[in-house]
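A.B. asks: My questions all concern the structure below.
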Amino acid sequence: MTRRQLSRKKKACFGIVTTGLCLLLIEFALTLLGVGRSTDHTDPFVGFSNQVPLFEPFTDDAGKSWLRTAENKLVWFNDQQFGAAKPANTQRIFCLGGSTTFGRPYDDTTSFCGWLREWLPHIDATTNWEVVNAGGVSYASYRVATVMQELTAYEPDVFIVYTGQNEFLERRTYADFFDQSDMQLWLSGWLAKTRTYGCIDSILRRQRDTIPNPNVSVLPAEVDERLNHTVGPSDYVRDNEWRRDVRQHFQFNLNRMIDIARASGAKILFVVPASNEKDCSPFKIEPEATDFQDGQSAFAKRDFARAKEAFQTALNLDICPLRAPDDFLDIVRDLPAADDVCVVDFDRQLREVCLAEQGHDLLGDEYFLDHVHPTIDVHRRLSLWIADAMRRSDWLSPGALGSKDIPSETLADVDALIQSRIDPRKQGVALRNLAKVMHWSGKFEVAEARARDAIAKLNGDAESQFILADCLRWTGRIDESVRVYQRAVNEFPGDLRGAQRFGQLLLELGQYETALGLFSIAVIGWPETNPSHWTARYQLSRACIGLADYESARTELQHCHEHDPTNMDVTFALAESCAGVGDTDTAIKLYNRVLDAFPNDVETYVRLGYLQLNRMDPQAAAASFATALSLAPEHPQAQAGKSIASQLIATQSKPSPRT
């Protein structure tokens, strides 16, 4: 090293030391002046439009001030309330997370929060306990952290967080933030905790709030799931880079929650989420993937080690990850231990129960109602595990009981109290809604089970029966499906949507006469302003075509075509009906219109070719059949049509014999 280089290195080191000393002096001076650290724990990647508080104040008839769930939040949150002023000797616990915390498919009553609310007075009777369920349906960690920030204003003592299942539900971007080195990320985090940063942050916050940040994804005030915009999980494609960023964002938010809790003087307990791996296939996989089927095969052979490996691979490779992957569970497990931070490994503890009760540790329908939502009994177990963890962490009074020390009479009393609060009808509706979601996502076996549960709870229920019938249809049990549909239609003749579903199945089975009757009822029942009216008219026309009543079909389809000229299904069927009544020219024009929109539609080329043959235009017909065969070389009708067209062309080209 030259003398000049050595001099430069000394100057650089001196500059770093000088800068560090200056920062320390500024930090010391700000401490003496009473300047605190920044209390702004906002997310640098995600913002929210039209943010509305979760809780709103109100005063009761006695003049006491309360906070309760805002009315416009009740779609996503339970109806909760607590005193604006926390009473003396009270520990206030806020439970946060997604739909499991909420208590889905039911509500707070049977959630782990509801159970914990009843256990704590018996476990630690020297303290007054308030347990508030602030779990939001479909809420991911970044939304949970925002709710937590609001709750710091309400004198929290403990936060309980169950999160990790919803991280992939909403679209968001991360710019290049995660391209920083670990040292850069650590330094940024360290600086954010200094008083110097807090002082600068307080000055710049007003400007930051008024100038939009192009690197922050602005999400709507409430969850806008990608799944709401598609039929099934079709919107999801494999994107390993985005998945990596989501994972790091999740890790960031857990640490952010710890900072939020500490800033408010509260403790925080995280729950490692658990999922149904054995009885829930992936929501979307690569066509060649067989991991889940391999797991089922191994499980049937009682090769539980191989089955576990295959099931977990299937879960982790799910392109539509609605269950927390293993590496997300590890992030929760690996949170730094501290007096004010506790982790309950729900996944591992439930596996231990499964091993004792089932002889294996593969979690399935024995413990879950669907892919992630636990049964009521599992919520009960989780609440006791949380109470035990709080006791081990010395968050309860010294004389607090462990779950195994609770007297059997007390256990029975709490069980009876929770059961007495369950509304069977509400529970049935919740099960029906769960069946609808599972049906939508293509989980017909799960949807079938929940639909049967709903029918039992609701003593029938039209929608649940129609869901059941459709699940039977899509799992290949057609005869049973028809029987369930027929029974539902007989019991609930006014359910137009169910009648249409049954009619569609009959249409596919060729039972046109019965289908026609169902569609006729639907056409009359739905007003023309409802899209279902026009769907029913189209279906009615298909039944008419099946019965060779082309004139009636054309009448219905002309109305449909006038209503929506861009609907190519209607245009195709109208062409078919026109051909049926002998209006060949109109039919040809309509088929050509379909081909303008769908130039690779083989069936349309074939039908067009035969109409051109009927009009004695074999040249045009041959071209149509040739195009069809270029798209589907083995198509038998196209092959036959091309042969006929070739013969006619050959006949037309022969000279006429002399007379």
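Identifiers for the structure tokens are assigned positionally: chains receive A, B, ... in sequence, residues are indexed from 1 per chain, and ligands are indexed from 1 in the order shown.
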Tell me, as a list in words, which residues lie within 7 Å of Thr90 in chain A, counting only C-alpha atoms; anything in the same chain fewer than 6 positions away does not count.

C.D. replies: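 The residues satisfying every condition are Thr127, Asn128 and Trp129 of chain A.
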
A.B. asks: Going by DSSP on the backbone, which residues of range 210-428 of chain A come out as strand (DSSP E)? List them as a ChimeraX atom specification.

C.D. replies: /A:217-219,267-271,341-344

A.B. asks: As a ChimeraX atom specification, please: all residues of range 382-428 of chain A that backbone DSSP puts in alpha helix (DSSP H).

C.D. replies: /A:382-392,408-420,424-428

A.B. asks: Grab the CA of Asn166 in chain A to CA of Gly114 in chain A distance for me, in Å with one decimal place.

C.D. replies: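 CA of Gly114 in chain A lies 21.7 Å from CA of Asn166 in chain A.
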
A.B. asks: Which one of A:Arg104, A:Arg554, A:Lys642, A:His533 sits closest to Leu629 in chain A if you count only C-alpha atoms?

C.D. replies: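 Going through A:Arg104, A:Arg554, A:Lys642, A:His533 one by one, the smallest distance to Leu629 in chain A is for A:Lys642.
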
A.B. asks: Give me the residues of range 82-110 of chain A that have any atom at most 12 Å from an atom of range 398-421 of chain A; for each, the nearest atom pair and the distance in Å, rounded to one decimal. Use only C-alpha atoms, sort by chain and number, and format it as CSV.

C.D. replies:
```
residue,atom,partner,partner_atom,distance
A:Tyr106,CA,A:Arg421,CA,11.8
A:Asp107,CA,A:Arg421,CA,10.9
A:Asp108,CA,A:Arg421,CA,10.5
A:Thr109,CA,A:Ile418,CA,6.9
A:Thr110,CA,A:Ile418,CA,6.8
```

A.B. asks: Compare A:Asn567, A:Thr101, A:Asn614, A:Ser397 by their minimum atom-to-atom distance to Leu120 in chain A, counting only C-alpha atoms, and give me the closest one.

C.D. replies: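 Looking at the shortest contact to Leu120 in chain A, the residue is A:Ser397.
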